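The file run_39.tsv contains TSV, C-alpha atoms:
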chain	number	residue	atom	x	y	z
E	1	MET	CA	48.18	143.59	75.29
E	2	LEU	CA	47.26	147.25	75.56
E	3	ILE	CA	43.95	147.80	77.34
E	4	ILE	CA	42.23	150.99	76.23
E	5	PRO	CA	39.12	152.28	78.04
E	6	ALA	CA	36.62	154.09	75.83
E	7	ILE	CA	34.73	157.33	76.12
E	8	ASP	CA	32.03	157.71	73.47
E	9	LEU	CA	30.66	161.25	73.32
E	10	TYR	CA	27.34	162.59	72.10
E	11	GLU	CA	26.18	166.12	72.88
E	12	ASN	CA	29.35	166.39	75.03
E	13	LYS	CA	28.13	163.61	77.33
E	14	ILE	CA	29.41	160.07	77.82
E	15	VAL	CA	27.11	157.59	76.12
E	16	ARG	CA	26.99	154.03	74.88
E	17	LEU	CA	25.01	152.85	71.90
E	18	ARG	CA	23.66	149.38	71.16
E	19	LYS	CA	25.04	148.19	67.80
E	20	GLY	CA	25.77	151.82	66.92
E	21	ASP	CA	22.06	152.69	66.95
E	22	PHE	CA	21.40	156.31	68.00
E	23	ASN	CA	17.86	155.29	68.96
E	24	GLN	CA	19.32	152.97	71.58
E	25	VAL	CA	21.51	155.33	73.56
E	26	THR	CA	22.39	155.30	77.27
E	27	PHE	CA	23.74	158.49	78.89
E	28	TYR	CA	26.13	158.36	81.86
E	29	GLU	CA	26.36	161.06	84.51
E	30	GLN	CA	30.13	161.33	84.96
E	31	THR	CA	31.81	164.08	82.93
E	32	PRO	CA	34.35	163.06	80.26
E	33	LEU	CA	37.19	164.78	82.14
E	34	ALA	CA	36.28	163.13	85.46
E	35	LYS	CA	36.17	159.71	83.79
E	36	ALA	CA	39.48	160.31	82.05
E	37	LYS	CA	41.09	161.24	85.38
E	38	GLU	CA	39.67	158.07	86.93
E	39	PHE	CA	41.20	155.96	84.16
E	40	GLU	CA	44.55	157.69	84.62
E	41	GLN	CA	44.47	157.15	88.39
E	42	HIS	CA	44.00	153.43	87.84
E	43	GLY	CA	47.10	153.29	85.66
E	44	PHE	CA	45.75	153.28	82.12
E	45	GLU	CA	47.94	155.10	79.62
E	46	TRP	CA	45.67	155.35	76.59
E	47	LEU	CA	42.12	156.61	76.12
E	48	HIS	CA	39.82	155.84	73.20
E	49	ILE	CA	37.57	158.82	72.42
E	50	VAL	CA	34.83	158.73	69.77
E	51	ASP	CA	32.85	161.75	68.60
E	52	LEU	CA	29.55	160.09	67.66
E	53	LEU	CA	28.01	163.29	66.35
E	54	GLY	CA	31.12	163.92	64.30
E	55	SER	CA	30.88	160.45	62.81
E	56	LYS	CA	27.50	161.43	61.36
E	57	THR	CA	28.20	165.05	60.40
E	58	GLY	CA	31.86	164.97	59.43
E	59	THR	CA	32.63	167.88	61.78
E	60	ILE	CA	34.57	167.53	65.04
E	61	SER	CA	32.34	168.57	67.95
E	62	VAL	CA	34.43	167.63	71.00
E	63	ASP	CA	37.66	169.57	70.56
E	64	LYS	CA	37.15	171.39	73.88
E	65	ILE	CA	36.89	168.06	75.74
E	66	ILE	CA	40.04	166.74	74.07
E	67	ARG	CA	41.94	169.88	75.08
E	68	GLU	CA	40.74	169.50	78.69
E	69	VAL	CA	41.79	165.86	78.90
E	70	LYS	CA	45.22	166.60	77.42
E	71	LYS	CA	45.71	169.55	79.78
E	72	GLU	CA	44.51	167.83	82.95
E	73	THR	CA	45.93	164.30	82.41
E	74	LYS	CA	48.93	162.60	80.87
E	75	LEU	CA	46.77	160.16	78.91
E	76	ASN	CA	47.49	159.42	75.28
E	77	ILE	CA	44.39	159.79	73.11
E	78	GLU	CA	43.30	157.80	70.11
E	79	PHE	CA	40.39	159.65	68.52
E	80	GLY	CA	37.80	158.80	65.90
E	81	GLY	CA	34.66	160.32	64.45
E	82	GLY	CA	34.28	162.93	61.73
E	83	VAL	CA	37.71	162.70	60.11
E	84	ARG	CA	36.97	163.59	56.50
E	85	ASN	CA	39.92	165.65	55.25
E	86	VAL	CA	43.52	166.70	55.82
E	87	GLN	CA	42.43	169.93	57.51
E	88	THR	CA	40.63	167.96	60.24
E	89	VAL	CA	43.67	165.74	60.71
E	90	SER	CA	45.86	168.81	61.17
E	91	GLN	CA	43.35	170.28	63.63
E	92	LEU	CA	43.30	167.10	65.71
E	93	PHE	CA	47.07	166.86	65.94
E	94	ASP	CA	47.20	170.54	66.90
E	95	ILE	CA	44.85	170.01	69.87
E	96	GLY	CA	46.86	167.06	71.15
E	97	VAL	CA	45.41	163.85	69.69
E	98	ASP	CA	48.13	161.18	69.59
E	99	LYS	CA	46.61	158.76	67.09
E	100	ILE	CA	43.76	159.46	64.68
E	101	ILE	CA	41.25	156.75	63.81
E	102	ILE	CA	40.16	156.88	60.17
E	103	GLY	CA	37.15	154.92	58.98
E	104	SER	CA	34.75	156.13	56.30
E	105	LEU	CA	37.32	158.33	54.58
E	106	SER	CA	39.44	155.33	53.66
E	107	VAL	CA	36.47	153.91	51.76
E	108	LYS	CA	34.55	156.92	50.43
E	109	ASN	CA	37.38	159.28	49.43
E	110	LYS	CA	40.53	157.34	48.72
E	111	ILE	CA	42.28	160.31	47.09
E	112	GLU	CA	41.99	162.41	50.26
E	113	PHE	CA	42.80	159.39	52.42
E	114	GLU	CA	45.97	158.62	50.51
E	115	THR	CA	46.98	162.28	50.60
E	116	ILE	CA	46.72	162.22	54.40
E	117	VAL	CA	48.66	159.01	54.97
E	118	LYS	CA	51.45	160.22	52.69
E	119	LYS	CA	51.71	163.50	54.59
E	120	TYR	CA	52.07	162.01	58.08
E	121	PRO	CA	53.94	158.98	59.49
E	122	PRO	CA	51.79	155.81	59.28
E	123	HIS	CA	52.03	155.12	63.03
E	124	ASN	CA	49.94	158.27	63.67
E	125	PHE	CA	46.86	156.51	62.32
E	126	ILE	CA	44.55	153.65	63.22
E	127	ILE	CA	42.26	152.31	60.50
E	128	ALA	CA	38.76	151.50	61.71
E	129	VAL	CA	37.57	148.17	60.36
E	130	ASP	CA	33.90	148.23	61.35
E	131	ALA	CA	32.56	144.81	60.48
E	132	LEU	CA	29.10	143.42	59.89
E	133	ASP	CA	29.28	139.82	58.66
E	134	GLU	CA	32.90	140.51	57.68
E	135	LYS	CA	31.88	143.42	55.43
E	136	LEU	CA	32.70	147.05	56.14
E	137	ALA	CA	30.15	149.56	57.41
E	138	VAL	CA	30.81	153.30	57.18
E	139	SER	CA	29.40	156.73	58.14
E	140	GLY	CA	28.94	155.95	61.80
E	141	TRP	CA	27.86	152.40	60.86
E	142	THR	CA	24.80	153.75	59.04
E	143	GLU	CA	25.91	152.51	55.60
E	144	ALA	CA	26.70	148.91	54.74
E	145	THR	CA	29.18	148.11	51.97
E	146	SER	CA	30.13	145.02	50.00
E	147	ILE	CA	33.82	145.50	50.83
E	148	SER	CA	35.48	142.61	52.63
E	149	VAL	CA	37.29	143.57	55.84
E	150	TYR	CA	40.25	141.50	54.61
E	151	ASP	CA	40.46	143.34	51.29
E	152	HIS	CA	40.37	146.65	53.11
E	153	ILE	CA	43.13	145.68	55.53
E	154	GLU	CA	45.21	144.56	52.55
E	155	TYR	CA	44.64	147.90	50.78
E	156	CYS	CA	45.60	149.93	53.85
E	157	SER	CA	48.60	147.73	54.62
E	158	GLN	CA	49.96	148.39	51.14
E	159	LEU	CA	49.96	152.10	52.02
E	160	GLY	CA	52.22	151.36	54.98
E	161	LEU	CA	49.53	151.47	57.68
E	162	THR	CA	50.01	149.05	60.55
E	163	HIS	CA	47.34	149.79	63.21
E	164	PHE	CA	43.80	148.50	62.75
E	165	LEU	CA	40.78	148.78	65.08
E	166	CYS	CA	38.30	146.01	64.35
E	167	THR	CA	34.79	146.30	65.79
E	168	ASP	CA	32.07	143.71	65.30
E	169	ILE	CA	29.04	146.01	65.04
E	170	PHE	CA	26.61	143.21	65.85
E	171	LYS	CA	28.35	142.73	69.20
E	172	ASP	CA	29.07	146.36	70.10
E	173	GLY	CA	27.33	147.64	73.21
E	174	MET	CA	25.45	144.39	73.74
E	175	LEU	CA	27.50	142.87	76.59
E	176	THR	CA	27.07	139.45	74.99
E	177	GLY	CA	30.71	138.56	74.39
E	178	THR	CA	33.20	139.56	71.74
E	179	ASN	CA	33.97	138.04	68.34
E	180	VAL	CA	37.29	136.37	69.09
E	181	GLU	CA	36.97	134.19	65.98
E	182	LEU	CA	36.94	137.23	63.71
E	183	TYR	CA	40.06	138.65	65.33
E	184	LYS	CA	41.80	135.27	65.04
E	185	LYS	CA	41.00	135.08	61.33
E	186	ILE	CA	42.37	138.57	60.78
E	187	LEU	CA	45.59	137.82	62.67
E	188	VAL	CA	46.11	134.58	60.76
E	189	ARG	CA	45.91	136.47	57.45
E	190	PHE	CA	47.77	139.54	58.68
E	191	PRO	CA	50.16	138.43	61.44
E	192	ASN	CA	52.27	141.58	61.23
E	193	ILE	CA	49.56	144.19	61.84
E	194	ASN	CA	48.81	145.80	65.20
E	195	LEU	CA	45.21	144.69	65.73
E	196	ILE	CA	43.03	146.39	68.33
E	197	ALA	CA	39.91	144.36	69.15
E	198	SER	CA	36.64	146.09	70.00
E	199	GLY	CA	32.96	145.35	70.56
E	200	GLY	CA	31.00	143.19	72.97
E	201	ILE	CA	33.42	142.71	75.87
E	202	LYS	CA	31.19	141.77	78.82
E	203	ASP	CA	33.57	140.78	81.64
E	204	LEU	CA	37.15	139.96	82.57
E	205	ASP	CA	36.85	136.45	81.13
E	206	ASP	CA	36.19	138.02	77.73
E	207	VAL	CA	39.29	140.16	78.10
E	208	LYS	CA	41.31	137.04	78.94
E	209	LYS	CA	39.98	135.26	75.83
E	210	VAL	CA	41.06	138.16	73.67
E	211	LYS	CA	44.46	138.26	75.35
E	212	GLU	CA	45.02	134.59	74.46
E	213	ILE	CA	45.13	135.41	70.74
E	214	ASP	CA	47.71	138.12	71.44
E	215	PRO	CA	46.37	141.21	69.67
E	216	TYR	CA	48.08	144.58	70.02
E	217	GLY	CA	45.23	145.91	72.16
E	218	VAL	CA	41.59	145.85	73.15
E	219	VAL	CA	39.06	148.67	73.60
E	220	ILE	CA	36.53	148.31	76.41
E	221	GLY	CA	33.51	150.53	76.95
E	222	LYS	CA	30.09	149.49	78.17
E	223	ALA	CA	31.32	146.76	80.53
E	224	ILE	CA	33.18	149.47	82.43
E	225	TYR	CA	30.21	151.83	82.64
E	226	GLU	CA	27.83	149.08	83.68
E	227	ASN	CA	30.26	147.98	86.42
E	228	LYS	CA	30.79	144.55	84.91
E	229	ILE	CA	34.57	144.93	85.15
E	230	ASP	CA	36.72	146.13	88.04
E	231	LEU	CA	39.20	148.73	86.78
E	232	LYS	CA	41.97	147.60	89.10
E	233	GLU	CA	41.72	144.00	87.85
E	234	LEU	CA	41.44	145.22	84.27
E	235	VAL	CA	44.61	147.28	84.33
E	236	GLU	CA	46.48	144.32	85.87
E	237	LEU	CA	45.50	142.15	82.88
E	238	GLY	CA	47.28	144.54	80.57
E	239	ARG	CA	50.59	144.27	82.40

Can you give me the file's structure in the form of structure tokens?
Amino acid sequence: MLIIPAIDLYENKIVRLRKGDFNQVTFYEQTPLAKAKEFEQHGFEWLHIVDLLGSKTGTISVDKIIREVKKETKLNIEFGGGVRNVQTVSQLFDIGVDKIIIGSLSVKNKIEFETIVKKYPPHNFIIAVDALDEKLAVSGWTEATSISVYDHIEYCSQLGLTHFLCTDIFKDGMLTGTNVELYKKILVRFPNINLIASGGIKDLDDVKKVKEIDPYGVVIGKAIYENKIDLKELVELGR
């Protein structure tokens, strides 16, 4: 199981939100580059970066930070937030992003979405499945939809996409435990996808529970920043 530490950015600072709520934001002092270097030093190979402002505005605001991380570390980056068109996708690949996370676009503008996934190899993308009661939420989790997460995974799979990042919004940033049952249900219905679990991880025991269902990976954020998880122990779990 791939363990991917997260850096969520807002106003170029590391933050964590509770349930995606911008009114419940915690800022952390360490710079994004310093944190990325720390993750690399511990042996992590991938970094999950989210542009929270971009997720609301549809414009990438952290390109300078991405360039710095790519220049100063050997980390692979999966990036999400603000991907609305093929021009943005091209821009992100140009500055060094390794995999692009697409969320709202796959729901709100299917023509543009399908144009993008036909232009580039499917393994370059991760589809964000942001779930609230097993329904999708979009636009930085500010808009609920009536679309089933299972129907959306089916739609994207038919386009040849294989990587999916599932976040239980109700759990995200709460440190109350993750929704293993949701991930299990997804893997039962779609055993051949590469599922990355996200949201609510509170400690190493949670990571072990996720590992038992054998997903492709897991993203961990707040538990790291609140010192609930030792990085050395965490990286060992992924080996």

So which residues touch region 71-87 of chain E within 6 Å, counting all atoms listed in the file, skipping near sequence neighbours fewer than 4 positions away, as a PyMOL selection string?
-> chain E and resi 45-51+54-55+58-60+97-101+105+116

Option closest in space to Pro5 (chain E), from E:Leu204, E:Tyr225, E:Glu143, E:Glu236 [counting only C-alpha atoms] =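 That would be E:Tyr225, the residue with the smallest distance to Pro5 (chain E).
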
Find the spatial neighbours of Asp206 (chain E), counting only C-alpha atoms, within a cut-off of 8 Å - ignore same-chain residues fewer than 4 positions away - and output them as a JSON list (two decimals) with C-alpha atoms, keeping the file's coordinate frame.
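Printed below is result-v7.json as written:
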[["chain", "number", "residue", "atom", "x", "y", "z"],
["E", 177, "GLY", "CA", 30.71, 138.56, 74.39],
["E", 178, "THR", "CA", 33.20, 139.56, 71.74],
["E", 201, "ILE", "CA", 33.42, 142.71, 75.87],
["E", 202, "LYS", "CA", 31.19, 141.77, 78.82],
["E", 210, "VAL", "CA", 41.06, 138.16, 73.67]]

Name all residues at most 7 Å from region 184-199 of chain E (count only C-alpha atoms; drop same-chain ones fewer than 4 positions away) and give them as a list in words.
->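 The residues satisfying every condition are Thr162, His163, Phe164, Leu165, Cys166, Thr167, Asp168, Ile169, Lys171, Asp172, Gly173, Thr178, Val180, Ile213, Pro215, Tyr216, Gly217, Val218, Val219 and Ile220 of chain E.
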
Min atom-atom distance to Glu11 (chain E) from the set E:Val62, E:Gln30, E:Gln41, E:Asn124, counting only C-alpha atoms, belongs to E:Val62

With only C-alpha atoms as the basis for distance, which of E:Leu161, E:Gly96, E:Leu136, E:Asp151 is at the shortest distance from Val117 (chain E)?
->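 Of E:Leu161, E:Gly96, E:Leu136, E:Asp151, the one nearest Val117 (chain E), counting only C-alpha atoms, is E:Leu161.
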
Which is closest to Ile3 (chain E) among E:Lys37, E:Arg239, E:Arg16, E:Lys118, if we use only C-alpha atoms?
-> E:Arg239

Would you kindly return, as JSON, numbers by chain, each protein, DNA or RNA residue with an atom no farther than 7 Å from any atom of Gly103 (chain E), considering all atoms listed in the file and excluding same-chain residues fewer than 4 positions away?
-> {"E": [127, 128, 129, 138]}

Ala36 (chain E) environment, 7 Å, all atoms listed in the file, sequence neighbours closer than 4 positions dropped, as JSON, numbers by chain = {"E": [32, 40, 69]}

Given only C-alpha atoms as the counted atoms, nearest of E:Leu52, E:Ile95, E:Val89, E:Ile153 to Phe125 (chain E) |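 Looking at the shortest contact to Phe125 (chain E), the residue is E:Val89.
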
Between CA of Ile65 (chain E) and CA of Asn12 (chain E), what is the spacing in Å?
-> 7.8 Å

Distance CA of Asn179 (chain E)-CA of Gln158 (chain E), one decimal place?
->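 CA of Gln158 (chain E) lies at a distance of 25.7 Å from CA of Asn179 (chain E).
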
Nearest-residue call for Gly221 (chain E), choices E:His123, E:Met1, E:Asp94, E:Val15, using all atoms listed in the file =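 Nearest candidate to Gly221 (chain E) out of E:His123, E:Met1, E:Asp94, E:Val15: E:Val15.
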
Distance in Å - CA of Val149 (chain E) versus CA of Leu237 (chain E) =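 CA of Val149 (chain E) sits 28.3 Å away from CA of Leu237 (chain E).
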
With N, CA and C atoms as the target, complete region 176-194 of chain E and hand it back as a CSV table (one decimal), in the frame of the given file.
chain,number,residue,atom,x,y,z
E,176,THR,N,27.4,140.9,75.2
E,176,THR,CA,27.1,139.4,75.0
E,176,THR,C,28.3,138.6,74.6
E,177,GLY,N,29.5,139.3,74.8
E,177,GLY,CA,30.7,138.6,74.4
E,177,GLY,C,31.3,139.1,73.1
E,178,THR,N,32.5,139.0,72.9
E,178,THR,CA,33.2,139.6,71.7
E,178,THR,C,33.5,138.5,70.7
E,179,ASN,N,33.8,139.0,69.5
E,179,ASN,CA,34.0,138.0,68.3
E,179,ASN,C,35.4,137.6,68.2
E,180,VAL,N,35.9,136.8,69.1
E,180,VAL,CA,37.3,136.4,69.1
E,180,VAL,C,37.6,135.7,67.8
E,181,GLU,N,36.7,134.9,67.2
E,181,GLU,CA,37.0,134.2,66.0
E,181,GLU,C,37.3,135.1,64.8
E,182,LEU,N,36.6,136.3,64.8
E,182,LEU,CA,36.9,137.2,63.7
E,182,LEU,C,38.4,137.8,63.9
E,183,TYR,N,38.7,138.1,65.1
E,183,TYR,CA,40.1,138.6,65.3
E,183,TYR,C,41.1,137.6,65.0
E,184,LYS,N,40.9,136.3,65.3
E,184,LYS,CA,41.8,135.3,65.0
E,184,LYS,C,42.0,135.1,63.5
E,185,LYS,N,40.9,135.2,62.8
E,185,LYS,CA,41.0,135.1,61.3
E,185,LYS,C,41.8,136.2,60.7
E,186,ILE,N,41.6,137.4,61.3
E,186,ILE,CA,42.4,138.6,60.8
E,186,ILE,C,43.8,138.4,61.1
E,187,LEU,N,44.2,138.0,62.3
E,187,LEU,CA,45.6,137.8,62.7
E,187,LEU,C,46.3,136.7,61.9
E,188,VAL,N,45.5,135.7,61.6
E,188,VAL,CA,46.1,134.6,60.8
E,188,VAL,C,46.5,135.1,59.4
E,189,ARG,N,45.6,135.9,58.8
E,189,ARG,CA,45.9,136.5,57.4
E,189,ARG,C,46.9,137.6,57.5
E,190,PHE,N,46.9,138.4,58.6
E,190,PHE,CA,47.8,139.5,58.7
E,190,PHE,C,48.5,139.5,60.0
E,191,PRO,N,49.5,138.6,60.1
E,191,PRO,CA,50.2,138.4,61.4
E,191,PRO,C,51.0,139.6,61.9
E,192,ASN,N,51.4,140.5,60.9
E,192,ASN,CA,52.3,141.6,61.2
E,192,ASN,C,51.6,142.9,61.6
E,193,ILE,N,50.2,142.9,61.5
E,193,ILE,CA,49.6,144.2,61.8
E,193,ILE,C,49.4,144.3,63.4
E,194,ASN,N,49.1,145.5,63.8
E,194,ASN,CA,48.8,145.8,65.2
E,194,ASN,C,47.3,145.9,65.3
